[in-house]
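The structure appears right after this line, and notes come after that.
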Amino acid sequence: MISEKLEKKLNEQIQKEFYSAYLYLSMEAYFTSRSLNGFANFFRVQAQEERDHAMMFFDYVNHVGGKVKLGKIDDPITEFASIEEVFQKALEHERYVTSSIYSIVDVAIEEKDHKTNAFLQWFVTEQAEEEATAETNLDKVKLIGNDGRGILMLDAEMAQRVYTPPQTSQA
């Protein structure tokens, strides 16, 4: 069984992960509207990953005898001023998700819930990778600025990203 406090935080994380998918789909739509299909592909893959993360939390809550309680998902931002703003917002969002996961880890440690702490460690590692990728992408976009050739080259690079489902042994 899982504590009510941890169950609540895990359910909130499910909601945050689904929101993340919505946000990244919104970013995909922005790039599609600008005919930057490589950037759009990057964010579609990102959205797929976030849905998988939500389902991992969903499955875990069920696995430990908790009750999944799905909450409202807010509308994501849909207007962006620039390519750089999109990547800045993506980095800020990944940092927000990292903070949220850390807060759940803190509760699991406080409650000596080793099973939940072990489950969460995959996400701690994943978030380090997500933040590093977001920082690198933002750095590249800043370096390119408004150079159309650079934007098209980065667009082509991002078109190569392929969705890979997470490989975990979690519930």
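Within each chain, counting starts at residue 1; across the structure tokens, chains are named A, B, ... in the order shown, with ligands numbered 1 upward in that order.
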
I'd like a table as JSON lines: residues in segment 12-74 of chain A with an atom no more than 12 Å from segment 106-116 of chain A, each row giving the shortest atom pair and its distance in Å to one decimal, only C-alpha atoms counted, sorted by chain and rising residue number.
```
{"residue": "A:Phe57", "atom": "CA", "partner": "A:Thr116", "partner_atom": "CA", "distance": 10.4}
{"residue": "A:Tyr60", "atom": "CA", "partner": "A:Thr116", "partner_atom": "CA", "distance": 8.6}
{"residue": "A:Val61", "atom": "CA", "partner": "A:Thr116", "partner_atom": "CA", "distance": 9.5}
{"residue": "A:His63", "atom": "CA", "partner": "A:Thr116", "partner_atom": "CA", "distance": 10.8}
{"residue": "A:Val64", "atom": "CA", "partner": "A:Thr116", "partner_atom": "CA", "distance": 8.8}
{"residue": "A:Gly66", "atom": "CA", "partner": "A:Thr116", "partner_atom": "CA", "distance": 11.8}
```

Keeping only N, CA and C atoms, write the selected residues to a file as an mmCIF file, in the first residue's frame.
```
data_model
loop_
_atom_site.group_PDB
_atom_site.id
_atom_site.type_symbol
_atom_site.label_atom_id
_atom_site.label_comp_id
_atom_site.auth_asym_id
_atom_site.auth_seq_id
_atom_site.Cartn_x
_atom_site.Cartn_y
_atom_site.Cartn_z
ATOM 1 N N PHE A 57 3.586 6.344 -14.359
ATOM 2 C CA PHE A 57 3.081 6.738 -13.042
ATOM 3 C C PHE A 57 1.707 6.117 -12.791
ATOM 4 N N TYR A 60 2.127 2.520 -11.966
ATOM 5 C CA TYR A 60 2.756 2.349 -10.655
ATOM 6 C C TYR A 60 1.746 2.547 -9.530
ATOM 7 N N VAL A 61 0.941 3.590 -9.628
ATOM 8 C CA VAL A 61 -0.068 3.832 -8.592
ATOM 9 C C VAL A 61 -0.971 2.607 -8.462
ATOM 10 N N HIS A 63 -0.214 -0.457 -9.329
ATOM 11 C CA HIS A 63 0.618 -1.587 -8.892
ATOM 12 C C HIS A 63 0.797 -1.628 -7.371
ATOM 13 N N VAL A 64 0.858 -0.462 -6.742
ATOM 14 C CA VAL A 64 1.102 -0.413 -5.294
ATOM 15 C C VAL A 64 -0.181 -0.260 -4.487
ATOM 16 N N GLY A 66 -2.694 1.834 -4.907
ATOM 17 C CA GLY A 66 -3.272 3.166 -4.818
ATOM 18 C C GLY A 66 -4.454 3.296 -5.768
#
```

For segment 27-36 of chain A, find every residue with an atom within 12 Å (counting only C-alpha atoms), except residues of its own chain fewer than 2 positions away, and show them as a ChimeraX atom specification. /A:20-25,38-48,76-90,148,151-159

Got a sec: who's within 12 Å of segment 50-54 of chain A, counting only C-alpha atoms, leaving out chain neighbours fewer than 3 positions off, as a ChimeraX atom specification? /A:10-25,43-47,57-61,68,70,93-94,97,101,119-120,122-123,126-127,130,163-168,170-171

Mind writing the picked residues with N, CA and C atoms as a compact mmCIF listing (two decimals), in the first residue's frame?
```
# COMPACT_ATOMS: atom_id res chain seq x y z
N LEU A 10 1.73 11.43 -6.62
CA LEU A 10 1.88 10.65 -7.84
C LEU A 10 0.75 10.93 -8.82
N ASN A 11 -0.46 11.09 -8.31
CA ASN A 11 -1.58 11.45 -9.18
C ASN A 11 -1.38 12.84 -9.78
N GLU A 12 -0.86 13.76 -8.99
CA GLU A 12 -0.55 15.09 -9.52
C GLU A 12 0.51 15.00 -10.62
N GLN A 13 1.46 14.08 -10.45
CA GLN A 13 2.51 13.92 -11.46
C GLN A 13 1.93 13.34 -12.76
N ILE A 14 0.96 12.45 -12.63
CA ILE A 14 0.30 11.93 -13.84
C ILE A 14 -0.27 13.11 -14.63
N GLN A 15 -0.95 13.99 -13.94
CA GLN A 15 -1.55 15.16 -14.57
C GLN A 15 -0.46 16.03 -15.22
N LYS A 16 0.64 16.24 -14.52
CA LYS A 16 1.73 17.07 -15.05
C LYS A 16 2.35 16.44 -16.29
N GLU A 17 2.47 15.13 -16.29
CA GLU A 17 3.05 14.45 -17.45
C GLU A 17 2.12 14.55 -18.66
N PHE A 18 0.81 14.40 -18.43
CA PHE A 18 -0.13 14.57 -19.55
C PHE A 18 -0.13 16.02 -20.03
N TYR A 19 -0.03 16.98 -19.10
CA TYR A 19 0.08 18.37 -19.50
C TYR A 19 1.33 18.58 -20.36
N SER A 20 2.42 17.95 -19.97
CA SER A 20 3.66 18.05 -20.74
C SER A 20 3.43 17.60 -22.18
N ALA A 21 2.70 16.51 -22.35
CA ALA A 21 2.40 16.03 -23.70
C ALA A 21 1.61 17.09 -24.47
N TYR A 22 0.61 17.70 -23.82
CA TYR A 22 -0.18 18.76 -24.46
C TYR A 22 0.72 19.93 -24.86
N LEU A 23 1.60 20.33 -23.95
CA LEU A 23 2.49 21.44 -24.22
C LEU A 23 3.36 21.15 -25.44
N TYR A 24 3.93 19.95 -25.49
CA TYR A 24 4.80 19.61 -26.60
C TYR A 24 4.03 19.44 -27.91
N LEU A 25 2.78 19.00 -27.83
CA LEU A 25 1.95 18.97 -29.04
C LEU A 25 1.67 20.40 -29.52
N PHE A 43 9.23 17.65 -31.30
CA PHE A 43 8.25 17.85 -30.24
C PHE A 43 7.15 16.78 -30.26
N ARG A 44 6.87 16.18 -31.40
CA ARG A 44 5.93 15.06 -31.41
C ARG A 44 6.53 13.88 -30.63
N VAL A 45 7.79 13.60 -30.85
CA VAL A 45 8.46 12.52 -30.11
C VAL A 45 8.47 12.87 -28.62
N GLN A 46 8.72 14.13 -28.31
CA GLN A 46 8.72 14.57 -26.91
C GLN A 46 7.35 14.32 -26.28
N ALA A 47 6.29 14.63 -27.00
CA ALA A 47 4.93 14.41 -26.50
C ALA A 47 4.67 12.92 -26.26
N PHE A 57 3.59 6.34 -14.36
CA PHE A 57 3.08 6.74 -13.04
C PHE A 57 1.71 6.12 -12.79
N PHE A 58 0.85 6.14 -13.79
CA PHE A 58 -0.50 5.56 -13.72
C PHE A 58 -0.40 4.08 -13.31
N ASP A 59 0.43 3.33 -14.02
CA ASP A 59 0.59 1.91 -13.74
C ASP A 59 1.18 1.67 -12.36
N TYR A 60 2.13 2.52 -11.97
CA TYR A 60 2.76 2.35 -10.66
C TYR A 60 1.75 2.55 -9.53
N VAL A 61 0.94 3.59 -9.63
CA VAL A 61 -0.07 3.83 -8.59
C VAL A 61 -0.97 2.61 -8.46
N VAL A 68 -5.83 5.66 -8.86
CA VAL A 68 -5.54 6.71 -9.83
C VAL A 68 -6.72 7.67 -9.85
N LEU A 70 -7.56 10.97 -11.97
CA LEU A 70 -7.15 11.86 -13.05
C LEU A 70 -7.74 13.25 -12.83
N HIS A 93 10.06 24.25 -18.69
CA HIS A 93 9.10 23.20 -18.32
C HIS A 93 9.82 21.96 -17.81
N GLU A 94 10.90 21.57 -18.45
CA GLU A 94 11.64 20.39 -17.99
C GLU A 94 12.19 20.63 -16.58
N VAL A 97 9.32 20.10 -14.19
CA VAL A 97 9.02 18.68 -14.00
C VAL A 97 10.07 18.04 -13.10
N ILE A 101 9.34 16.06 -9.57
CA ILE A 101 9.77 14.69 -9.29
C ILE A 101 10.65 14.66 -8.04
N PHE A 119 11.40 3.37 -7.74
CA PHE A 119 10.64 3.65 -8.96
C PHE A 119 11.00 5.04 -9.50
N LEU A 120 11.10 6.01 -8.62
CA LEU A 120 11.34 7.40 -9.04
C LEU A 120 12.74 7.64 -9.56
N TRP A 122 14.41 6.21 -11.83
CA TRP A 122 14.44 6.22 -13.30
C TRP A 122 14.10 7.61 -13.82
N PHE A 123 13.11 8.25 -13.19
CA PHE A 123 12.68 9.58 -13.61
C PHE A 123 13.72 10.65 -13.27
N GLU A 126 16.16 10.28 -16.02
CA GLU A 126 15.51 10.74 -17.25
C GLU A 126 15.46 12.27 -17.30
N GLN A 127 15.14 12.90 -16.18
CA GLN A 127 15.04 14.36 -16.16
C GLN A 127 16.40 15.02 -16.36
N GLU A 130 16.70 14.95 -20.01
CA GLU A 130 15.75 15.88 -20.63
C GLU A 130 16.25 17.32 -20.52
N TYR A 163 11.13 8.04 -32.23
CA TYR A 163 10.53 7.69 -30.94
C TYR A 163 11.00 6.31 -30.49
N THR A 164 11.45 6.24 -29.25
CA THR A 164 11.85 4.97 -28.64
C THR A 164 11.16 4.86 -27.30
N PRO A 165 10.27 3.88 -27.14
CA PRO A 165 9.58 3.72 -25.84
C PRO A 165 10.60 3.50 -24.72
N PRO A 166 10.27 3.95 -23.51
CA PRO A 166 11.19 3.78 -22.39
C PRO A 166 11.42 2.31 -22.06
N GLN A 167 12.64 2.00 -21.73
CA GLN A 167 13.02 0.64 -21.35
C GLN A 167 13.21 0.60 -19.84
N THR A 168 12.18 0.17 -19.15
CA THR A 168 12.27 0.09 -17.70
C THR A 168 11.71 -1.24 -17.25
N GLN A 170 9.89 -1.17 -14.49
CA GLN A 170 8.94 -0.68 -13.51
C GLN A 170 7.58 -1.31 -13.73
N ALA A 171 6.72 -1.11 -12.73
CA ALA A 171 5.37 -1.68 -12.74
C ALA A 171 4.61 -1.29 -13.99
```

Go through chain A and collect every residue that DSSP, computed from the backbone, puts in helix (DSSP H, G or I); the answer should be as a PyMOL selection string. chain A and resi 4-33+37-63+83-110+114-144+148-158

Hey, can you check how far atom CA of Gly145 of chain A sits from atom CA of Arg161 of chain A? 21.9 Å

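For the atom pair formed by atom CA of Glu7 of chain A and atom CA of Gly65 of chain A, the distance is 9.5 Å, given to one decimal.
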
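Across the structure, atom CA of Tyr96 of chain A and atom CA of Glu131 of chain A are spaced 10.1 Å apart.
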